[in-house]
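Enquirer: A single structure is presented below for examination.
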Amino acid sequence: MKKYKKLLNAGIISSTVLLTTWGINKITFLRAGMKDMLFCENKYQYSWRFGNIFYTKKGCGSPILLIHELKCTASAAEWKFLINHLSKNHTVYALDLIGCGRSEKPKMTYTNYIYVQLVNNFIKDVIGAKTDVITSGSSSNIAIMGCYSEPDLYHRIIMVNPSSMKEMAKYPKTNQKTLKYLIELPLIGTTIYNMVTSYGRIFKDYKNKILYPDIHMQKDVDTMYEASHLGGPSARYFFASERSHFTNINMLHALKKLNHSIYIIGGKDLKDIENTLHDYITFNPSIEAELIDNCKQYPHIEQTESFASLCSIYLS
């Protein structure tokens with residue numbers, strides 16, 4: 001009888017813990033979208049084979065495609081200040097990559113190949129012309145591999161603070177595969193995801209990536225927090241793949257072979273940016289690079305006018 005009561009109590013406690021955890025996760029996802037920070041005009045939807053892709057379109061002229069950083073907190077909102085500058089002379093497209101922001105977040109393994117196919121299909125089906133592409137951070141490998149596989153779709157490529165070649169070459173090992181498995185578990189994985197993408201963690205990470213926190217910082221963090229939680233618990237699948245290096249690829253061979261005009265714009269105060277630029281230029285000497293003062297990871301946010309001026313020179 002005593003043994004039965006102990007088992008019953010243990011069962012009640014376990015059920016209570018699981019139900020409480022589920023409730024906390026549910027509330028976290030609901031609260032994240034309450035401010036509706038990702039609302040925008042000029043929005044469209046591209047029906048792709050793996051899910052619907054959100055994008056915006058503004059301006060008139062030669063096409064430019066903006067690809068945000070390949071992170072679960074990222075979305076096309078990263079380019080909101082730059083779009084107004086570029087759209088004066090160009091038709092500017094900015095999409096939310098699949099698994100990110102307002103696009104669908106299917107339960108699958110996300111790889112570089114998936115994103116290359118998405119971008120190339122988007123250029124062919126939506127833009128329909130040879131396109132200039134601007135990437136942010138870790139999404140640079142998408143443009144490089146996309147251009148390598150279908151060079152006729154691309155005109156010029158501008159990479160903003162691309163990840164280092166060493167970082168891009170990391171691949172999933174046993175411990176990364178185990179991590180991916182844990183994050184994809186229904187309750188445990190959702191809890192891990194919500195801990196890693198908590199408001200405080202996003203705030204701290206973003207603060208470290210910019211040089212001068214300003215009045216826009218709060219709104220930027222609110223937007224990132226919302227982007228990382230739209231779609232509910234399925235948002236963790238992209239995070240699991242990205243954190244476990246499934247979205248990486250060794251693009252050295254492709255970078256060497258490209259004959260397109262490639263430019264790199266970096267934040268002068270970003271750690272190791274000069275070493276990163278040196279590596280890219282070593283493997284493809286035709287690459288041109290420029291550093292912008294008084295900014296780190298996001299020169300297009302911190303120094304929008306200076307960044308836009310460089311873009312107008314490169315894209316003229």
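Here's how to read the names in the structure tokens: chain A, B, ... by the order shown, residue numbers from 1 in each chain, ligand numbers from 1 in the order shown.
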With the cut-off set at 10 Å and counting only C-alpha atoms, tabulate each residue of range 142-221 of chain A with an atom at most that distance from an atom of range 242-257 of chain A, showing the nearest atom pair and its distance in Å to one decimal, ordered by chain and increasing number, as JSON lines.
Expert:
```
{"residue": "A:Ile142", "atom": "CA", "partner": "A:Ile249", "partner_atom": "CA", "distance": 9.2}
{"residue": "A:Ile144", "atom": "CA", "partner": "A:Leu255", "partner_atom": "CA", "distance": 6.6}
{"residue": "A:Met145", "atom": "CA", "partner": "A:Ala254", "partner_atom": "CA", "distance": 6.4}
{"residue": "A:Gly146", "atom": "CA", "partner": "A:Ala254", "partner_atom": "CA", "distance": 9.5}
{"residue": "A:Cys147", "atom": "CA", "partner": "A:Ala254", "partner_atom": "CA", "distance": 8.6}
{"residue": "A:Tyr148", "atom": "CA", "partner": "A:Ala254", "partner_atom": "CA", "distance": 5.8}
{"residue": "A:Ser149", "atom": "CA", "partner": "A:Ala254", "partner_atom": "CA", "distance": 8.7}
{"residue": "A:Met165", "atom": "CA", "partner": "A:Asn250", "partner_atom": "CA", "distance": 7.5}
{"residue": "A:Lys166", "atom": "CA", "partner": "A:Asn250", "partner_atom": "CA", "distance": 8.5}
{"residue": "A:Glu167", "atom": "CA", "partner": "A:Asn248", "partner_atom": "CA", "distance": 8.1}
{"residue": "A:Met168", "atom": "CA", "partner": "A:Asn248", "partner_atom": "CA", "distance": 5.2}
{"residue": "A:Ala169", "atom": "CA", "partner": "A:Asn250", "partner_atom": "CA", "distance": 4.4}
{"residue": "A:Lys170", "atom": "CA", "partner": "A:His245", "partner_atom": "CA", "distance": 6.3}
{"residue": "A:Tyr171", "atom": "CA", "partner": "A:His245", "partner_atom": "CA", "distance": 5.3}
{"residue": "A:Pro172", "atom": "CA", "partner": "A:His245", "partner_atom": "CA", "distance": 5.3}
{"residue": "A:Lys173", "atom": "CA", "partner": "A:Ser244", "partner_atom": "CA", "distance": 8.2}
{"residue": "A:Thr174", "atom": "CA", "partner": "A:Ser244", "partner_atom": "CA", "distance": 9.7}
{"residue": "A:Asn175", "atom": "CA", "partner": "A:Ser244", "partner_atom": "CA", "distance": 8.5}
{"residue": "A:Gln176", "atom": "CA", "partner": "A:Ser244", "partner_atom": "CA", "distance": 4.7}
{"residue": "A:Lys177", "atom": "CA", "partner": "A:Ser244", "partner_atom": "CA", "distance": 6.5}
{"residue": "A:Thr178", "atom": "CA", "partner": "A:Ser244", "partner_atom": "CA", "distance": 8.8}
{"residue": "A:Leu179", "atom": "CA", "partner": "A:Ser244", "partner_atom": "CA", "distance": 6.9}
{"residue": "A:Lys180", "atom": "CA", "partner": "A:Ser244", "partner_atom": "CA", "distance": 6.1}
{"residue": "A:Tyr181", "atom": "CA", "partner": "A:Ser244", "partner_atom": "CA", "distance": 9.8}
{"residue": "A:Ile183", "atom": "CA", "partner": "A:Arg243", "partner_atom": "CA", "distance": 9.9}
```
Enquirer: Which residues of range 164-249 of chain A come within 12 Å of range 39-59 of chain A, and for each one, what is the closest pair of atoms and their distance in Å to one decimal, counting only C-alpha atoms, sorted by chain and residue number, as JSON lines?
Expert:
```
{"residue": "A:Thr223", "atom": "CA", "partner": "A:Phe39", "partner_atom": "CA", "distance": 9.8}
{"residue": "A:Glu226", "atom": "CA", "partner": "A:Phe39", "partner_atom": "CA", "distance": 10.8}
{"residue": "A:Ala227", "atom": "CA", "partner": "A:Phe39", "partner_atom": "CA", "distance": 11.0}
```
Enquirer: Once DSSP has gone over the backbone, tell me which residues of range 59-150 of chain A are in alpha helix (DSSP H), as a list of chain:residue names.
Expert: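 Filtering range 59-150 of chain A down to alpha helix (DSSP H) leaves A:Lys80, A:Phe81, A:Leu82, A:Ile83, A:Asn84, A:His85, A:Leu86, A:Asn112, A:Tyr113, A:Ile114, A:Tyr115, A:Val116, A:Gln117, A:Leu118, A:Val119, A:Asn120, A:Asn121, A:Phe122, A:Ser140, A:Asn141, A:Ile142, A:Ala143, A:Ile144, A:Met145, A:Gly146, A:Cys147, A:Tyr148, A:Ser149.
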Enquirer: Could those selected residues go to a file with C-alpha atoms, as a CSV table (one decimal), in the first residue's frame?
Expert:
```csv
chain,number,residue,atom,x,y,z
A,80,LYS,CA,14.3,47.9,-42.6
A,81,PHE,CA,16.5,51.0,-42.5
A,82,LEU,CA,18.5,50.1,-45.6
A,83,ILE,CA,15.5,49.3,-47.8
A,84,ASN,CA,14.4,53.0,-47.9
A,85,HIS,CA,17.8,54.0,-49.2
A,86,LEU,CA,18.1,51.3,-51.8
A,112,ASN,CA,22.9,24.9,-46.9
A,113,TYR,CA,21.6,23.1,-49.9
A,114,ILE,CA,18.0,23.9,-48.8
A,115,TYR,CA,18.7,27.6,-48.7
A,116,VAL,CA,20.6,27.6,-52.0
A,117,GLN,CA,17.6,26.0,-53.6
A,118,LEU,CA,15.3,28.5,-52.0
A,119,VAL,CA,17.2,31.6,-53.0
A,120,ASN,CA,17.8,30.4,-56.6
A,121,ASN,CA,14.1,29.4,-57.0
A,122,PHE,CA,13.1,32.8,-55.6
A,140,SER,CA,27.1,34.6,-47.1
A,141,ASN,CA,27.6,30.9,-47.8
A,142,ILE,CA,24.1,30.8,-49.3
A,143,ALA,CA,25.0,33.4,-52.0
A,144,ILE,CA,28.4,31.9,-52.7
A,145,MET,CA,27.1,28.4,-53.2
A,146,GLY,CA,24.0,29.7,-55.0
A,147,CYS,CA,26.1,31.7,-57.4
A,148,TYR,CA,28.4,28.7,-57.9
A,149,SER,CA,25.5,26.4,-58.8
```
Enquirer: If you measure from CA of Lys268 in chain A to CA of Phe203 in chain A, what distance in Å do you get, rounded to one decimal?
Expert: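 Computed distance, CA of Lys268 in chain A to CA of Phe203 in chain A, equals 21.9 Å.
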Enquirer: Between A:Glu104, A:Ile134, A:Glu78, A:Leu65, which residue has the minimum interatomic distance to Pro162 in chain A, considering only C-alpha atoms?
Expert: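 Checking each of A:Glu104, A:Ile134, A:Glu78, A:Leu65 against Pro162 in chain A, counting only C-alpha atoms, the winner is A:Ile134.
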Enquirer: Quick one: everything within 12 Å of range 22-34 of chain A, counting only C-alpha atoms, minus sequence neighbours fewer than 6 positions away in the same chain. Send it as a PyMOL selection string.
Expert: chain A and resi 15-16+73+101-102+186-195+197-199+221-236
Enquirer: Kindly assemble as a Markdown table a list of the range 114-189 of chain A residues that lie within 10 Å of range 275-296 of chain A, each paired with its nearest atom pair and their distance in Å to one decimal, using only C-alpha atoms, sorted first by chain and then by ascending residue number.
Expert:
```
| residue | atom | partner | partner_atom | distance |
| --- | --- | --- | --- | --- |
| A:Ile157 | CA | A:Ile287 | CA | 9.9 |
| A:Ile158 | CA | A:Ala289 | CA | 9.5 |
| A:Met159 | CA | A:Ala289 | CA | 9.4 |
| A:Val160 | CA | A:Ala289 | CA | 9.9 |
| A:Asn161 | CA | A:Thr276 | CA | 8.6 |
| A:Pro162 | CA | A:Thr276 | CA | 7.9 |
| A:Ser163 | CA | A:Thr276 | CA | 7.5 |
| A:Ser164 | CA | A:Thr276 | CA | 5.3 |
| A:Met165 | CA | A:Asp279 | CA | 7.3 |
| A:Lys166 | CA | A:Thr276 | CA | 9.2 |
```
